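J.: This is the content of target.txt (compact mmCIF, C-alpha atoms):
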```
# COMPACT_ATOMS: atom_id res chain seq x y z
CA MET A 652 0.00 0.00 0.00
CA PHE A 653 2.90 2.32 0.69
CA VAL A 654 4.70 1.76 -2.62
CA TYR A 655 1.59 1.57 -4.83
CA SER A 656 -0.62 4.07 -2.99
CA LYS A 657 -1.23 6.25 -6.06
CA GLU A 658 -1.81 3.27 -8.35
CA ILE A 659 -4.19 1.59 -5.88
CA LEU A 660 -6.27 4.76 -5.62
CA MET A 661 -6.33 5.03 -9.43
CA LEU A 662 -7.61 1.44 -9.58
CA LEU A 663 -10.29 1.90 -6.94
CA PHE A 664 -11.28 5.52 -7.60
CA PRO A 665 -10.25 6.45 -11.15
CA TYR A 666 -12.00 9.83 -11.03
CA ALA A 667 -11.07 10.72 -7.45
CA SER A 668 -7.58 9.34 -6.95
CA GLU A 669 -6.18 12.17 -4.82
CA GLY A 670 -4.83 11.32 -1.40
CA ALA A 671 -2.01 8.93 -2.30
CA ASN A 672 0.14 10.53 0.44
CA LEU A 673 -2.58 9.89 3.00
CA LEU A 674 -2.86 6.23 1.97
CA ALA A 675 0.92 5.76 1.97
CA ILE A 676 1.36 7.28 5.43
CA SER A 677 -1.72 5.54 6.84
CA SER A 678 -0.52 2.18 5.53
CA LEU A 679 2.27 2.30 8.13
CA THR A 680 -0.36 2.02 10.88
CA ILE A 681 -1.08 -1.55 9.75
CA ILE A 682 2.26 -2.81 11.05
CA PHE A 683 1.80 -1.41 14.54
CA ALA A 684 -1.94 -2.13 14.70
CA ILE A 685 -1.32 -5.82 13.98
CA LEU A 686 1.52 -6.06 16.48
CA THR A 687 -0.56 -4.26 19.12
CA GLN A 688 -3.58 -6.49 18.50
CA THR A 689 -1.46 -9.62 18.82
CA ILE A 690 0.11 -8.45 22.07
CA ASN A 691 -3.31 -7.36 23.37
CA SER A 692 -4.58 -10.91 22.82
CA ILE A 693 -1.60 -12.32 24.72
CA LEU A 694 -2.13 -9.90 27.61
CA GLN A 695 -5.85 -10.69 27.75
CA GLY A 696 -4.96 -14.39 27.83
CA TYR A 697 -2.91 -13.59 30.93
CA GLY A 698 -5.96 -11.88 32.43
CA ASN A 699 -4.73 -8.35 31.78
CA ALA A 700 -7.64 -6.67 29.98
CA ARG A 701 -6.93 -3.16 31.26
CA THR A 702 -3.54 -2.60 29.61
CA PRO A 703 -4.87 -2.60 26.01
CA VAL A 704 -7.43 0.05 26.96
CA ILE A 705 -4.84 2.20 28.72
CA ALA A 706 -2.47 1.82 25.74
CA LEU A 707 -5.20 2.95 23.37
CA VAL A 708 -6.00 5.97 25.56
CA PHE A 709 -2.32 7.02 25.50
CA GLY A 710 -2.25 6.48 21.73
CA VAL A 711 -5.35 8.63 21.23
CA ILE A 712 -3.84 11.40 23.37
CA VAL A 713 -0.69 11.33 21.20
CA LYS A 714 -2.87 11.45 18.07
CA ILE A 715 -4.84 14.44 19.33
CA PHE A 716 -1.66 16.39 20.11
CA ALA A 717 -0.08 15.35 16.80
CA ASN A 718 -3.19 16.57 14.95
CA ILE A 719 -3.21 19.86 16.84
CA PHE A 720 0.46 20.56 16.16
CA LEU A 721 0.95 19.04 12.70
CA MET A 722 -2.21 19.88 10.76
CA PRO A 723 -1.73 23.67 10.83
CA ILE A 724 1.85 23.39 9.49
CA GLU A 725 2.11 24.50 5.87
CA GLY A 726 2.95 21.58 3.62
CA ILE A 727 1.69 18.99 6.11
CA TYR A 728 -1.99 19.88 6.64
CA GLU A 729 -4.15 16.73 6.29
CA ASN A 730 -1.07 14.51 6.28
CA GLY A 731 -0.76 15.52 9.95
CA ALA A 732 -3.85 13.43 10.75
CA ALA A 733 -2.33 10.39 9.03
CA ILE A 734 0.98 10.94 10.85
CA GLY A 735 -1.00 11.27 14.09
CA SER A 736 -2.62 7.88 13.43
CA VAL A 737 0.78 6.29 12.89
CA LEU A 738 2.09 7.85 16.12
CA CYS A 739 -1.05 6.67 17.95
CA HIS A 740 -0.43 3.05 16.96
CA ILE A 741 3.31 3.26 17.65
CA THR A 742 2.56 4.60 21.14
CA SER A 743 0.03 1.85 21.85
CA PHE A 744 2.45 -0.78 20.56
CA ILE A 745 5.35 0.43 22.73
CA PHE A 746 3.11 0.55 25.80
CA VAL A 747 1.70 -2.98 25.43
CA TYR A 748 5.08 -4.39 24.40
CA VAL A 749 6.76 -3.05 27.55
CA VAL A 750 3.94 -4.49 29.67
CA LEU A 751 4.26 -7.82 27.85
CA LEU A 752 7.97 -7.98 28.64
CA LYS A 753 7.29 -7.23 32.32
CA THR A 754 4.31 -9.60 32.57
CA THR A 755 5.77 -12.66 30.86
CA ASP A 756 9.12 -14.28 30.29
CA PHE A 757 8.63 -13.54 26.60
CA LYS A 758 11.83 -13.80 24.58
CA PHE A 759 12.13 -13.52 20.84
CA SER A 760 14.74 -13.90 18.15
CA ILE A 761 15.39 -10.53 16.54
CA LEU A 762 16.76 -12.30 13.47
CA ARG A 763 13.70 -14.48 12.93
CA LEU A 764 10.96 -12.08 14.02
CA SER A 765 12.33 -8.76 12.74
CA ILE A 766 15.26 -8.86 10.37
CA ARG A 767 14.09 -11.77 8.22
CA PRO A 768 10.54 -10.40 7.72
CA ILE A 769 12.02 -7.00 6.83
CA LEU A 770 14.35 -8.68 4.36
CA ALA A 771 11.39 -10.60 2.87
CA THR A 772 9.53 -7.30 2.54
CA ILE A 773 12.49 -5.64 0.80
CA ILE A 774 12.76 -8.56 -1.66
CA MET A 775 9.01 -8.30 -2.30
CA ILE A 776 9.13 -4.53 -2.91
CA PHE A 777 12.11 -4.55 -5.28
CA SER A 778 10.93 -7.53 -7.34
CA SER A 779 7.39 -6.19 -7.58
CA TYR A 780 8.46 -2.65 -8.41
CA GLY A 781 10.94 -3.94 -11.02
CA ILE A 782 8.16 -5.90 -12.74
CA TYR A 783 5.88 -2.85 -12.53
CA LYS A 784 8.49 -0.60 -14.18
CA LEU A 785 9.02 -3.13 -16.98
CA LEU A 786 5.29 -3.58 -17.59
CA ILE A 787 4.15 0.07 -17.65
CA SER A 788 6.10 0.61 -20.87
CA VAL A 789 4.20 -2.26 -22.51
CA ILE A 790 0.71 -2.40 -20.97
CA SER A 791 -1.64 -0.09 -19.06
CA ILE A 792 -0.86 1.20 -15.57
CA LYS A 793 -3.92 -0.56 -14.12
CA ILE A 794 -2.98 -4.00 -15.42
CA SER A 795 0.68 -3.39 -14.53
CA THR A 796 -0.39 -2.56 -10.97
CA ILE A 797 -2.51 -5.68 -10.63
CA ILE A 798 0.30 -7.90 -11.94
CA ALA A 799 2.87 -6.15 -9.73
CA ILE A 800 0.70 -6.66 -6.63
CA PHE A 801 0.29 -10.35 -7.53
CA VAL A 802 4.07 -10.63 -7.96
CA ALA A 803 4.48 -8.95 -4.55
CA VAL A 804 2.27 -11.54 -2.87
CA VAL A 805 4.05 -14.46 -4.55
CA MET A 806 7.54 -13.08 -3.88
CA PHE A 807 6.72 -12.42 -0.23
CA GLY A 808 5.46 -16.00 0.13
CA PHE A 809 8.61 -17.42 -1.44
CA SER A 810 10.82 -15.10 0.62
CA VAL A 811 9.10 -16.18 3.86
CA LEU A 812 9.74 -19.81 2.98
CA PHE A 813 13.27 -19.30 1.64
CA LEU A 814 14.33 -17.25 4.68
CA ARG A 815 12.75 -19.85 7.02
CA ILE A 816 10.77 -17.28 8.97
CA PHE A 817 8.32 -19.81 10.41
CA SER A 818 9.39 -22.52 12.85
CA ARG A 819 8.32 -26.15 12.57
CA GLU A 820 5.74 -25.66 15.34
CA GLU A 821 4.24 -22.60 13.63
CA ILE A 822 3.92 -24.42 10.31
CA GLN A 823 2.33 -27.42 12.00
CA MET A 824 -0.35 -25.15 13.54
CA LEU A 825 -1.64 -24.39 10.03
CA PRO A 826 -4.52 -26.42 8.60
CA ASN A 827 -2.89 -29.65 7.34
CA GLY A 828 0.30 -28.33 8.91
CA ASP A 829 2.01 -31.71 9.10
CA LYS A 830 1.54 -32.22 5.36
CA VAL A 831 2.70 -28.68 4.62
CA TYR A 832 5.78 -29.18 6.79
CA LYS A 833 6.68 -32.49 5.14
CA THR A 834 6.29 -30.95 1.67
CA LEU A 835 8.50 -28.00 2.63
CA GLN A 836 11.04 -30.42 4.07
CA LYS A 837 11.15 -32.36 0.79
CA ILE A 838 11.92 -29.24 -1.20
CA LYS A 839 14.51 -28.13 1.38
CA LEU A 840 12.59 -25.07 2.63
CA CYS A 841 12.43 -26.34 6.23
CA ASP A 842 14.88 -27.94 8.64
```
For the file at hand, write its structure as structure tokens.

T.:
Amino acid sequence: MFVYSKEILMLLFPYASEGANLLAISSLTIIFAILTQTINSILQGYGNARTPVIALVFGVIVKIFANIFLMPIEGIYENGAAIGSVLCHITSFIFVYVVLLKTTDFKFSILRLSIRPILATIIMIFSSYGIYKLLISVISIKISTIIAIFVAVVMFGFSVLFLRIFSREEIQMLPNGDKVYKTLQKIKLCD
């Protein structure tokens, strides 16, 4: 959504495709919203239902102040609201993450849970954008965008497998996980 914000808006709203900056900035909230939601579920499983609410309140306060200070700035204007939303979700994430670390003995591998997914994302972006640039000289922007997004999905899937982001246990939790794991083992994409 960040890379193809303009093209996605042109696909969905061909006669009203303004706001690509807003979509690009707002797309960053997805990362922190998903992380926050996951941690909130863990905390609620531990019986801590108050922390997610408190984290959201702090996030909303940050968003309100960000809107007040950023929206009047020339050149930022409505982008200030999108930036405020990103800051809101970052604040909530940091709050619940700190509480998670204090509440549980949660440990994670930075390589597996951060660096490898970022690397998979970079591979996805460059391969998809390369295909997009090649295609727009031959076919329409709309079809190029659709193909590039499909390539992004496929490349991310292959990158996740190639970089071995998921553990054996995580793969086996999928529907038919044992079969999936054995197949991945046969093609040397799992240990």

J.: For atom CA of Glu669 of chain A and atom CA of Lys657 of chain A, determine how far apart the two atoms are, in Å to one decimal place.

T.: 7.8 Å

J.: Using all atoms listed in the file, which residues sit within 12 Å of Leu721 of chain A once same-chain residues fewer than 4 positions away are excluded, as a PDB file with C-alpha atoms, in the frame of the given file?

T.:
```pdb
ATOM      1  CA  VAL A 713      -0.690  11.330  21.200  1.00  0.00           C
ATOM      2  CA  LYS A 714      -2.870  11.450  18.070  1.00  0.00           C
ATOM      3  CA  ILE A 715      -4.840  14.440  19.330  1.00  0.00           C
ATOM      4  CA  PHE A 716      -1.660  16.390  20.110  1.00  0.00           C
ATOM      5  CA  ALA A 717      -0.080  15.350  16.800  1.00  0.00           C
ATOM      6  CA  GLU A 725       2.110  24.500   5.870  1.00  0.00           C
ATOM      7  CA  GLY A 726       2.950  21.580   3.620  1.00  0.00           C
ATOM      8  CA  ILE A 727       1.690  18.990   6.110  1.00  0.00           C
ATOM      9  CA  TYR A 728      -1.990  19.880   6.640  1.00  0.00           C
ATOM     10  CA  GLU A 729      -4.150  16.730   6.290  1.00  0.00           C
ATOM     11  CA  ASN A 730      -1.070  14.510   6.280  1.00  0.00           C
ATOM     12  CA  GLY A 731      -0.760  15.520   9.950  1.00  0.00           C
ATOM     13  CA  ALA A 732      -3.850  13.430  10.750  1.00  0.00           C
ATOM     14  CA  ALA A 733      -2.330  10.390   9.030  1.00  0.00           C
ATOM     15  CA  ILE A 734       0.980  10.940  10.850  1.00  0.00           C
ATOM     16  CA  GLY A 735      -1.000  11.270  14.090  1.00  0.00           C
ATOM     17  CA  SER A 736      -2.620   7.880  13.430  1.00  0.00           C
ATOM     18  CA  LEU A 738       2.090   7.850  16.120  1.00  0.00           C
TER      19      LEU A 738
END
```

J.: Rounded to one decimal, what separation in Å do you get between atom CA of His740 of chain A and atom CA of Val654 of chain A?

T.: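 Computed distance, atom CA of His740 of chain A to atom CA of Val654 of chain A, equals 20.3 Å.
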
J.: List every residue of segment 683-787 of chain A that has an atom at most 8 Å from any atom of segment 810-825 of chain A, giving for each one its closest atom pair and the distance in Å to one decimal, counting all atoms listed in the file, sorted by chain and then by ascending residue number, as a tab-separated table.

T.:
```
residue	atom	partner	partner_atom	distance
A:Arg763	CA	A:Ile816	CA	5.7
A:Leu764	CA	A:Ile816	CA	7.3
A:Arg767	CA	A:Ile816	CA	6.5
A:Pro768	CA	A:Ile816	CA	7.0
A:Ala771	CA	A:Ser810	CA	5.1
A:Ile774	CA	A:Ser810	CA	7.2
A:Met775	CA	A:Ser810	CA	7.6
```

J.: Which residue gives the smallest distance to Ser668 of chain A among A:Ala799, A:Ser656, A:Tyr780, A:Thr687, with all atoms listed in the file counted?

T.: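 Checking each of A:Ala799, A:Ser656, A:Tyr780, A:Thr687 against Ser668 of chain A, counting all atoms listed in the file, the winner is A:Ser656.
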
J.: What's around Val747 of chain A at 9 Å? Count all atoms listed in the file, leave out sequence neighbours fewer than 2 positions away in its own chain, and write the answer as a PyMOL selection string.

T.: chain A and resi 687+690-691+694+702-703+705-706+742-745+749-752

J.: Calculated over all atoms listed in the file, which of the candidates A:Tyr832, A:Tyr697, A:Phe807, A:Phe709 has the smallest distance to Ile769 of chain A?

T.: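 Counting all atoms listed in the file, the residue closest to Ile769 of chain A is A:Phe807.
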
J.: For Val802 of chain A, please output as a list in words all residues within 9 Å (counting all atoms listed in the file; exclusion window: fewer than 6 positions along the same chain).

T.: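 In the requested form, the answer reads Met775, Ser778, Ser779 and Ile782 of chain A.
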
J.: Between atom CA of Thr680 of chain A and atom CA of Val737 of chain A, what distance in Å does the model show, to one decimal?

T.: 4.9 Å

J.: Given the choices A:Ile741, A:Leu679, A:Ile776, A:Val789, which gets closest to Val805 of chain A if the distance is worked out from all atoms listed in the file?

T.: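 Nearest candidate to Val805 of chain A out of A:Ile741, A:Leu679, A:Ile776, A:Val789: A:Ile776.
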
J.: Take the point (-5.2, -3.9, -2.0) as written in the file and pick out every residue within 12 Å of it, counting all atoms listed in the file; give the list as a list in words.

T.: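 Selection result: Met652, Phe653, Val654, Tyr655, Ser656, Lys657, Glu658, Ile659, Leu660, Met661, Leu662, Leu663, Leu674, Ser678, Thr796, Ile797, Ala799, Ile800, Phe801, Ala803 and Val804 of chain A.
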
J.: Of the residues A:Cys739, A:Leu686, A:Gln836, A:Ile790, which is the one nearest to Gly710 of chain A, using all atoms listed in the file?

T.: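 Comparing A:Cys739, A:Leu686, A:Gln836, A:Ile790 against Gly710 of chain A, the winner is A:Cys739.
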
J.: Just so I have it separately, write segment 691-842 of chain A from the block I sent, keeping C-alpha atoms, as a PDB file, in the first residue's frame.

T.:
```
ATOM      1  CA  ASN A 691      -3.310  -7.359  23.373  1.00  0.00           C
ATOM      2  CA  SER A 692      -4.580 -10.906  22.822  1.00  0.00           C
ATOM      3  CA  ILE A 693      -1.604 -12.325  24.720  1.00  0.00           C
ATOM      4  CA  LEU A 694      -2.131  -9.895  27.607  1.00  0.00           C
ATOM      5  CA  GLN A 695      -5.852 -10.688  27.755  1.00  0.00           C
ATOM      6  CA  GLY A 696      -4.964 -14.391  27.827  1.00  0.00           C
ATOM      7  CA  TYR A 697      -2.906 -13.592  30.931  1.00  0.00           C
ATOM      8  CA  GLY A 698      -5.963 -11.885  32.428  1.00  0.00           C
ATOM      9  CA  ASN A 699      -4.734  -8.353  31.775  1.00  0.00           C
ATOM     10  CA  ALA A 700      -7.635  -6.668  29.980  1.00  0.00           C
ATOM     11  CA  ARG A 701      -6.928  -3.155  31.264  1.00  0.00           C
ATOM     12  CA  THR A 702      -3.545  -2.597  29.609  1.00  0.00           C
ATOM     13  CA  PRO A 703      -4.871  -2.603  26.008  1.00  0.00           C
ATOM     14  CA  VAL A 704      -7.433   0.049  26.964  1.00  0.00           C
ATOM     15  CA  ILE A 705      -4.838   2.203  28.725  1.00  0.00           C
ATOM     16  CA  ALA A 706      -2.471   1.824  25.744  1.00  0.00           C
ATOM     17  CA  LEU A 707      -5.196   2.950  23.370  1.00  0.00           C
ATOM     18  CA  VAL A 708      -5.997   5.970  25.558  1.00  0.00           C
ATOM     19  CA  PHE A 709      -2.323   7.019  25.504  1.00  0.00           C
ATOM     20  CA  GLY A 710      -2.251   6.476  21.735  1.00  0.00           C
ATOM     21  CA  VAL A 711      -5.347   8.631  21.233  1.00  0.00           C
ATOM     22  CA  ILE A 712      -3.840  11.400  23.371  1.00  0.00           C
ATOM     23  CA  VAL A 713      -0.690  11.326  21.204  1.00  0.00           C
ATOM     24  CA  LYS A 714      -2.869  11.448  18.069  1.00  0.00           C
ATOM     25  CA  ILE A 715      -4.836  14.441  19.328  1.00  0.00           C
ATOM     26  CA  PHE A 716      -1.656  16.386  20.113  1.00  0.00           C
ATOM     27  CA  ALA A 717      -0.085  15.354  16.797  1.00  0.00           C
ATOM     28  CA  ASN A 718      -3.186  16.572  14.946  1.00  0.00           C
ATOM     29  CA  ILE A 719      -3.212  19.855  16.842  1.00  0.00           C
ATOM     30  CA  PHE A 720       0.464  20.555  16.164  1.00  0.00           C
ATOM     31  CA  LEU A 721       0.954  19.037  12.695  1.00  0.00           C
ATOM     32  CA  MET A 722      -2.208  19.876  10.763  1.00  0.00           C
ATOM     33  CA  PRO A 723      -1.728  23.673  10.827  1.00  0.00           C
ATOM     34  CA  ILE A 724       1.846  23.388   9.489  1.00  0.00           C
ATOM     35  CA  GLU A 725       2.109  24.495   5.871  1.00  0.00           C
ATOM     36  CA  GLY A 726       2.950  21.577   3.616  1.00  0.00           C
ATOM     37  CA  ILE A 727       1.688  18.986   6.112  1.00  0.00           C
ATOM     38  CA  TYR A 728      -1.986  19.880   6.636  1.00  0.00           C
ATOM     39  CA  GLU A 729      -4.150  16.728   6.286  1.00  0.00           C
ATOM     40  CA  ASN A 730      -1.068  14.509   6.282  1.00  0.00           C
ATOM     41  CA  GLY A 731      -0.765  15.519   9.945  1.00  0.00           C
ATOM     42  CA  ALA A 732      -3.850  13.432  10.750  1.00  0.00           C
ATOM     43  CA  ALA A 733      -2.327  10.389   9.035  1.00  0.00           C
ATOM     44  CA  ILE A 734       0.984  10.943  10.851  1.00  0.00           C
ATOM     45  CA  GLY A 735      -0.995  11.274  14.090  1.00  0.00           C
ATOM     46  CA  SER A 736      -2.618   7.884  13.433  1.00  0.00           C
ATOM     47  CA  VAL A 737       0.782   6.285  12.887  1.00  0.00           C
ATOM     48  CA  LEU A 738       2.092   7.847  16.124  1.00  0.00           C
ATOM     49  CA  CYS A 739      -1.053   6.668  17.948  1.00  0.00           C
ATOM     50  CA  HIS A 740      -0.428   3.049  16.959  1.00  0.00           C
ATOM     51  CA  ILE A 741       3.309   3.261  17.654  1.00  0.00           C
ATOM     52  CA  THR A 742       2.561   4.603  21.143  1.00  0.00           C
ATOM     53  CA  SER A 743       0.028   1.853  21.845  1.00  0.00           C
ATOM     54  CA  PHE A 744       2.451  -0.781  20.564  1.00  0.00           C
ATOM     55  CA  ILE A 745       5.352   0.426  22.727  1.00  0.00           C
ATOM     56  CA  PHE A 746       3.111   0.549  25.803  1.00  0.00           C
ATOM     57  CA  VAL A 747       1.704  -2.982  25.430  1.00  0.00           C
ATOM     58  CA  TYR A 748       5.085  -4.387  24.396  1.00  0.00           C
ATOM     59  CA  VAL A 749       6.761  -3.051  27.550  1.00  0.00           C
ATOM     60  CA  VAL A 750       3.944  -4.486  29.672  1.00  0.00           C
ATOM     61  CA  LEU A 751       4.257  -7.821  27.847  1.00  0.00           C
ATOM     62  CA  LEU A 752       7.973  -7.981  28.637  1.00  0.00           C
ATOM     63  CA  LYS A 753       7.290  -7.230  32.317  1.00  0.00           C
ATOM     64  CA  THR A 754       4.311  -9.604  32.569  1.00  0.00           C
ATOM     65  CA  THR A 755       5.767 -12.658  30.863  1.00  0.00           C
ATOM     66  CA  ASP A 756       9.118 -14.281  30.293  1.00  0.00           C
ATOM     67  CA  PHE A 757       8.627 -13.542  26.595  1.00  0.00           C
ATOM     68  CA  LYS A 758      11.828 -13.803  24.575  1.00  0.00           C
ATOM     69  CA  PHE A 759      12.126 -13.516  20.836  1.00  0.00           C
ATOM     70  CA  SER A 760      14.738 -13.904  18.152  1.00  0.00           C
ATOM     71  CA  ILE A 761      15.393 -10.530  16.544  1.00  0.00           C
ATOM     72  CA  LEU A 762      16.764 -12.303  13.468  1.00  0.00           C
ATOM     73  CA  ARG A 763      13.696 -14.483  12.928  1.00  0.00           C
ATOM     74  CA  LEU A 764      10.959 -12.080  14.017  1.00  0.00           C
ATOM     75  CA  SER A 765      12.327  -8.764  12.743  1.00  0.00           C
ATOM     76  CA  ILE A 766      15.262  -8.857  10.366  1.00  0.00           C
ATOM     77  CA  ARG A 767      14.087 -11.766   8.217  1.00  0.00           C
ATOM     78  CA  PRO A 768      10.536 -10.396   7.716  1.00  0.00           C
ATOM     79  CA  ILE A 769      12.019  -6.996   6.834  1.00  0.00           C
ATOM     80  CA  LEU A 770      14.347  -8.685   4.356  1.00  0.00           C
ATOM     81  CA  ALA A 771      11.386 -10.602   2.867  1.00  0.00           C
ATOM     82  CA  THR A 772       9.532  -7.304   2.539  1.00  0.00           C
ATOM     83  CA  ILE A 773      12.490  -5.644   0.795  1.00  0.00           C
ATOM     84  CA  ILE A 774      12.757  -8.563  -1.662  1.00  0.00           C
ATOM     85  CA  MET A 775       9.010  -8.298  -2.304  1.00  0.00           C
ATOM     86  CA  ILE A 776       9.134  -4.528  -2.912  1.00  0.00           C
ATOM     87  CA  PHE A 777      12.109  -4.551  -5.276  1.00  0.00           C
ATOM     88  CA  SER A 778      10.935  -7.529  -7.338  1.00  0.00           C
ATOM     89  CA  SER A 779       7.390  -6.195  -7.581  1.00  0.00           C
ATOM     90  CA  TYR A 780       8.458  -2.653  -8.414  1.00  0.00           C
ATOM     91  CA  GLY A 781      10.939  -3.943 -11.022  1.00  0.00           C
ATOM     92  CA  ILE A 782       8.159  -5.898 -12.743  1.00  0.00           C
ATOM     93  CA  TYR A 783       5.883  -2.848 -12.532  1.00  0.00           C
ATOM     94  CA  LYS A 784       8.491  -0.597 -14.184  1.00  0.00           C
ATOM     95  CA  LEU A 785       9.018  -3.134 -16.976  1.00  0.00           C
ATOM     96  CA  LEU A 786       5.292  -3.579 -17.589  1.00  0.00           C
ATOM     97  CA  ILE A 787       4.154   0.066 -17.648  1.00  0.00           C
ATOM     98  CA  SER A 788       6.097   0.612 -20.868  1.00  0.00           C
ATOM     99  CA  VAL A 789       4.203  -2.256 -22.506  1.00  0.00           C
ATOM    100  CA  ILE A 790       0.708  -2.396 -20.965  1.00  0.00           C
ATOM    101  CA  SER A 791      -1.638  -0.091 -19.062  1.00  0.00           C
ATOM    102  CA  ILE A 792      -0.858   1.197 -15.574  1.00  0.00           C
ATOM    103  CA  LYS A 793      -3.915  -0.558 -14.118  1.00  0.00           C
ATOM    104  CA  ILE A 794      -2.977  -4.000 -15.416  1.00  0.00           C
ATOM    105  CA  SER A 795       0.685  -3.386 -14.528  1.00  0.00           C
ATOM    106  CA  THR A 796      -0.389  -2.555 -10.967  1.00  0.00           C
ATOM    107  CA  ILE A 797      -2.515  -5.685 -10.627  1.00  0.00           C
ATOM    108  CA  ILE A 798       0.296  -7.898 -11.941  1.00  0.00           C
ATOM    109  CA  ALA A 799       2.872  -6.147  -9.726  1.00  0.00           C
ATOM    110  CA  ILE A 800       0.698  -6.658  -6.630  1.00  0.00           C
ATOM    111  CA  PHE A 801       0.287 -10.347  -7.528  1.00  0.00           C
ATOM    112  CA  VAL A 802       4.066 -10.634  -7.959  1.00  0.00           C
ATOM    113  CA  ALA A 803       4.485  -8.946  -4.554  1.00  0.00           C
ATOM    114  CA  VAL A 804       2.270 -11.544  -2.865  1.00  0.00           C
ATOM    115  CA  VAL A 805       4.052 -14.460  -4.550  1.00  0.00           C
ATOM    116  CA  MET A 806       7.540 -13.081  -3.877  1.00  0.00           C
ATOM    117  CA  PHE A 807       6.715 -12.424  -0.234  1.00  0.00           C
ATOM    118  CA  GLY A 808       5.456 -16.000   0.126  1.00  0.00           C
ATOM    119  CA  PHE A 809       8.610 -17.421  -1.442  1.00  0.00           C
ATOM    120  CA  SER A 810      10.815 -15.099   0.624  1.00  0.00           C
ATOM    121  CA  VAL A 811       9.103 -16.178   3.858  1.00  0.00           C
ATOM    122  CA  LEU A 812       9.741 -19.810   2.977  1.00  0.00           C
ATOM    123  CA  PHE A 813      13.272 -19.298   1.643  1.00  0.00           C
ATOM    124  CA  LEU A 814      14.332 -17.254   4.681  1.00  0.00           C
ATOM    125  CA  ARG A 815      12.749 -19.845   7.016  1.00  0.00           C
ATOM    126  CA  ILE A 816      10.767 -17.276   8.974  1.00  0.00           C
ATOM    127  CA  PHE A 817       8.320 -19.814  10.413  1.00  0.00           C
ATOM    128  CA  SER A 818       9.386 -22.517  12.852  1.00  0.00           C
ATOM    129  CA  ARG A 819       8.317 -26.151  12.569  1.00  0.00           C
ATOM    130  CA  GLU A 820       5.736 -25.662  15.341  1.00  0.00           C
ATOM    131  CA  GLU A 821       4.236 -22.599  13.629  1.00  0.00           C
ATOM    132  CA  ILE A 822       3.921 -24.423  10.307  1.00  0.00           C
ATOM    133  CA  GLN A 823       2.325 -27.417  12.001  1.00  0.00           C
ATOM    134  CA  MET A 824      -0.346 -25.153  13.542  1.00  0.00           C
ATOM    135  CA  LEU A 825      -1.641 -24.388  10.028  1.00  0.00           C
ATOM    136  CA  PRO A 826      -4.523 -26.419   8.601  1.00  0.00           C
ATOM    137  CA  ASN A 827      -2.886 -29.647   7.340  1.00  0.00           C
ATOM    138  CA  GLY A 828       0.303 -28.326   8.912  1.00  0.00           C
ATOM    139  CA  ASP A 829       2.011 -31.711   9.099  1.00  0.00           C
ATOM    140  CA  LYS A 830       1.544 -32.223   5.358  1.00  0.00           C
ATOM    141  CA  VAL A 831       2.702 -28.683   4.618  1.00  0.00           C
ATOM    142  CA  TYR A 832       5.776 -29.180   6.788  1.00  0.00           C
ATOM    143  CA  LYS A 833       6.677 -32.494   5.136  1.00  0.00           C
ATOM    144  CA  THR A 834       6.294 -30.954   1.671  1.00  0.00           C
ATOM    145  CA  LEU A 835       8.501 -28.001   2.630  1.00  0.00           C
ATOM    146  CA  GLN A 836      11.039 -30.415   4.067  1.00  0.00           C
ATOM    147  CA  LYS A 837      11.146 -32.365   0.791  1.00  0.00           C
ATOM    148  CA  ILE A 838      11.917 -29.236  -1.198  1.00  0.00           C
ATOM    149  CA  LYS A 839      14.507 -28.129   1.379  1.00  0.00           C
ATOM    150  CA  LEU A 840      12.586 -25.066   2.633  1.00  0.00           C
ATOM    151  CA  CYS A 841      12.427 -26.344   6.228  1.00  0.00           C
ATOM    152  CA  ASP A 842      14.884 -27.937   8.640  1.00  0.00           C
TER     153      ASP A 842
END
```
